[in-house]
Every structure is written in C-alpha cells, then in structure tokens.
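Take a look at the structure set out below.
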Amino acid sequence: MHLIDMHCDTAGKILESKNGEGLYENSFDIDIKGMKQAGTMAQFFACFVYMERFQGEDRFEKAFSYAKQMAGKMREEVQKNSRDIAFAVNADDILRNQENGKISAILTVEEGGILNGDMGKLEELYKEGIRLITLMWNFENCMGFPNSKDAGIMTKGLKSFGFETVERMNELGMIVDVSHMSDGGFWDVVSHSKAPVVASHSSSRSLCNHPRNMTDEMLKALAEKGGVAAVNFYPAFVRENERAMREDLAAHIQHIVNVAGMDAVAIGTDFDGFTGGSLEIDKVEKMPILYQELQRAGFTEGQIEKIWYRNAMRVIKDVMR
Ligand SMILES: [Zn+2]
C-alpha cells in the first residue's frame, strides 16, 4: 500500500536533536525504517518556525535563516540516505523515485510569516525546493490571521500580502495550505486561488469542535476547488479529552467523504508535531492499523487508495511544478 502523508514535523525534531538523531532510525514518530514498513510513497516534511523564539529587530531574518537551516539539515539527511529516499518537487519526481525504490521527500514551510512581506523570499524558498507553504501558524503574520476561538479574529480575512502570495504561489507551482488559518482567511484563499488548495493537517470540526478543524462548508469548498483536507491525528483535533483510537480517525475520514466526497480526503498525520493527548496510531509504522480499520469500516480498496495517496497525488500533479 502506498501512502502520502501531507504533514509532519520530523525535520524540526532532527534539527533540534541533542544527540544527533537522524532520518534513518530515530526515537521520533517518523523515520525511514518506519516509512518502509508503512509503504510510504511520499512524505511532506515541514520546516516549521515558531516565531516567538526569535526576538529583536532582525527576528524575521533569523526566522528565515532558521527555516533554510532546517531545509539544509533535511538535504544532508536525504543525501546520507540516498539509497532509500530522494527529494521530489513534482509528481514526475515521485513516480521516478518510486520506480527506483525510493521514498519521496517534499519540503514545506509552516509559518508564512517568515517572509515578512518580502516576495523575493518566496522565490528563494521555491529555489530551495519548497513546494507547499502553510501560510499561517497560530500567530497573526504578514499574510493574515490564525485560527482562534475568538470570533473577532476567526472572521478576519487575508491581508494584501496574503492575496499576493497566493497569486505568486499559483504561478510558481506551490501548494497553498490553509491549515492553521482563520476561517475568514480560508474563504479568501479559496475564492482567490486559481489552483487547488489543501488543508495539509486538519480534521472535521463537526466531529471535534476545534478551530483548527474544517467546517462542513469548508470541506465542500476544498472539494469544489479540487483540493483535499488531510486528516490530522493530534488527539485534541480528533477526540477531545479522550484517547484517539483507530475508529475515531476512520470516523473523521468517513465524515469528510460524506460531506465533500471521495476525492477530497487525504492523510496529514502531524506526527512529531504535537505532544500531549493519547493516540493509538502514533508512529508511521502503525499506519497499517488504520488501513485495516478502513477496510473493516467498509471502504473498498480503490477508495482506500484515494485516501492513502491518490487524492494527494492528484493535487501534487495539478499544482506542483
Ligand atoms: Zn501545524
């Protein structure tokens, strides 16, 4: 079974590792050994920047270099493991890597704020091989506003630089990711983007009422746009205050299918991106448990293939250049 996971934070774990843990085998949620067991076809690796960590006048410069440093670390790791993994910047790369028996690594940036309103920096990220940007994290930035329980913030839309970024990403062939964004920003992105849009790691708000999740209307809009919502495994977004089990993840997938159709759902585990909560499927090598649960729930093999990788692959093919 092939798998495409649209979001993880393993790159940050590796960069910050005190004892030099790498990509082949580590104590984190994702490593090459585990991805081989899971049948991973492509893994999106986020270069996430926590803005508060940088202070002072040059904080944006520091934050941008930090993202580049993380991408550089991933290049080192992929190079070291070139027998098993290679980068991909488009669908053809993924297919070629697959023919060569290699997993594909796709680099992303999580926190568009590192651009600090400078479009030249977006071009630089493109040249670095970044092919998806999660425009927001949980802070206001140069593009817009984050998801929030405060309706005043949640209804705020994109800023002008946010609109410009969506346009330029469409032109360059980068995927625009609306996870973490305010609902107002979401609607602006969806109405403005000429290309399919994704929520790389968000689940269903009807099933778990968290502002990081997507409402049914948002799921439908993603589908109409040709995009996907990739289900996040973070227990707080899956089943509040309870252990998130295989059937809970299957329920989110089923709900997205019911509301938005069979072509609108994908996987975006968020592995290595959260602590706390209790999760049954907490490492990539456990993904077959969810696969079996989907079979048990009555999904056909063809449907599970869409969930597992075909829908994500379609978006990659439509957008990434
Ligand atoms: Zn995130």
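Each chain in the structure tokens gets a letter, A, B and so on, in the order shown; residues start at 1 in every chain, and ligands are counted from 1 in the order they appear.
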Find the spatial neighbours of A:Asp177, counting only C-alpha atoms, within a cut-off of 6 Å - ignore same-chain residues fewer than 3 positions away - and output them as a list in words.
->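 My list of contacting residues is Ile133, Thr134, Val198 and Ala199 of chain A.
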Once you count only C-alpha atoms and all ligand atoms, which residues end up within 7 Å of ligand 1, and could you hand them over as a list in words?
->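 What falls inside 7 Å of ligand 1 is Glu110, Trp137, His180, His201, Asp270 and Gly273 of chain A.
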Let me see the file: selected residues, N, CA, C and O atoms, as a short mmCIF file (atom, residue, chain, number, x, y, z; two decimals), in the first residue's frame.
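This is the output file again.cif:
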data_model
loop_
_atom_site.label_atom_id
_atom_site.label_comp_id
_atom_site.auth_asym_id
_atom_site.auth_seq_id
_atom_site.Cartn_x
_atom_site.Cartn_y
_atom_site.Cartn_z
N GLU A 110 6.09 25.86 7.26
CA GLU A 110 4.91 26.12 8.08
C GLU A 110 5.16 27.38 8.86
O GLU A 110 5.97 27.38 9.80
N TRP A 137 0.63 30.11 11.03
CA TRP A 137 0.64 29.20 12.16
C TRP A 137 -0.33 29.83 13.16
O TRP A 137 -1.35 30.37 12.71
N HIS A 180 -4.36 25.97 9.97
CA HIS A 180 -3.99 26.98 10.98
C HIS A 180 -4.62 28.35 10.71
O HIS A 180 -4.52 29.24 11.55
N HIS A 201 -3.10 19.49 7.31
CA HIS A 201 -3.25 18.74 8.57
C HIS A 201 -4.38 19.33 9.40
O HIS A 201 -4.17 20.00 10.40
N ASP A 270 0.58 14.95 11.05
CA ASP A 270 1.14 15.88 12.04
C ASP A 270 2.07 15.15 13.02
O ASP A 270 2.38 15.67 14.09
N GLY A 273 4.62 16.59 15.59
CA GLY A 273 4.22 17.99 15.70
C GLY A 273 3.37 18.27 16.92
O GLY A 273 2.92 19.39 17.11
#
Atom CA of A:His7 to atom CA of A:Gln55, distance in Å rounded to a single decimal =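 Computed distance, atom CA of A:His7 to atom CA of A:Gln55, equals 26.9 Å.
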Quick one: distance from atom CA of A:Ser204 to atom CA of A:Ala236 in Å, one decimal?
->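 Straight-line distance from atom CA of A:Ser204 to atom CA of A:Ala236 works out to 11.7 Å.
We find atom CA of A:Ala38 and atom CA of A:Thr300 to be spaced 18.9 Å apart.
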Selected residue of minimal separation from A:Ile307 among A:Gly276, A:Gly101, A:Gly72, A:Gly261, counting only C-alpha atoms |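 Of A:Gly276, A:Gly101, A:Gly72, A:Gly261, the one nearest A:Ile307, counting only C-alpha atoms, is A:Gly261.
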Residue neighbourhood stretch 46-50 of chain A, 7 Å, only C-alpha atoms, exclusion window fewer than 6 positions, as a PyMOL selection string = chain A and resi 7-9+11-12+63+67+70-71+107-111
Dump as a short mmCIF file (atom, residue, chain, number, x, y, z; two decimals), in the first residue's frame, selection limited to N, CA and C atoms:
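Heads up, here's the output in result08.cif:
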data_model
loop_
_atom_site.label_atom_id
_atom_site.label_comp_id
_atom_site.auth_asym_id
_atom_site.auth_seq_id
_atom_site.Cartn_x
_atom_site.Cartn_y
_atom_site.Cartn_z
N HIS A 7 1.76 16.10 6.07
CA HIS A 7 2.38 16.97 7.09
C HIS A 7 3.02 16.19 8.22
N CYS A 8 4.26 16.53 8.52
CA CYS A 8 4.90 16.06 9.76
C CYS A 8 5.91 17.10 10.20
N ASP A 9 6.33 17.02 11.45
CA ASP A 9 7.31 17.96 11.99
C ASP A 9 8.62 17.27 12.35
N ALA A 11 11.34 17.06 10.64
CA ALA A 11 12.54 17.85 10.28
C ALA A 11 13.02 18.68 11.48
N GLY A 12 12.08 19.29 12.18
CA GLY A 12 12.43 20.09 13.35
C GLY A 12 13.03 19.23 14.47
N ALA A 63 14.47 34.12 11.60
CA ALA A 63 13.45 33.08 11.38
C ALA A 63 13.58 32.48 9.99
N ALA A 67 14.56 28.52 8.95
CA ALA A 67 13.82 27.63 8.04
C ALA A 67 14.77 27.06 6.99
N MET A 70 16.86 24.38 8.48
CA MET A 70 16.13 23.12 8.63
C MET A 70 16.06 22.38 7.28
N ALA A 71 15.82 23.15 6.23
CA ALA A 71 15.80 22.54 4.90
C ALA A 71 17.18 21.96 4.57
N LEU A 107 9.61 19.12 0.64
CA LEU A 107 9.85 20.14 1.67
C LEU A 107 8.75 21.20 1.67
N THR A 108 8.33 21.58 2.86
CA THR A 108 7.32 22.62 3.01
C THR A 108 7.78 23.62 4.08
N VAL A 109 7.12 24.77 4.12
CA VAL A 109 7.36 25.72 5.21
C VAL A 109 6.05 25.94 5.94
N GLU A 110 6.09 25.86 7.26
CA GLU A 110 4.91 26.12 8.08
C GLU A 110 5.16 27.38 8.86
N GLU A 111 4.51 28.46 8.48
CA GLU A 111 4.59 29.82 9.03
C GLU A 111 5.05 30.78 7.94
#
Proximity to A:Met218 - best of A:Asn232, A:Asn100, A:Ser203, A:Asn116, only C-alpha atoms | A:Ser203
All strand (DSSP E or B) residues (DSSP, backbone) inside stretch 34-202 of chain A, as a PyMOL selection string = chain A and resi 40-48+85-87+103-110+130-134+146+175-177+181+197-199
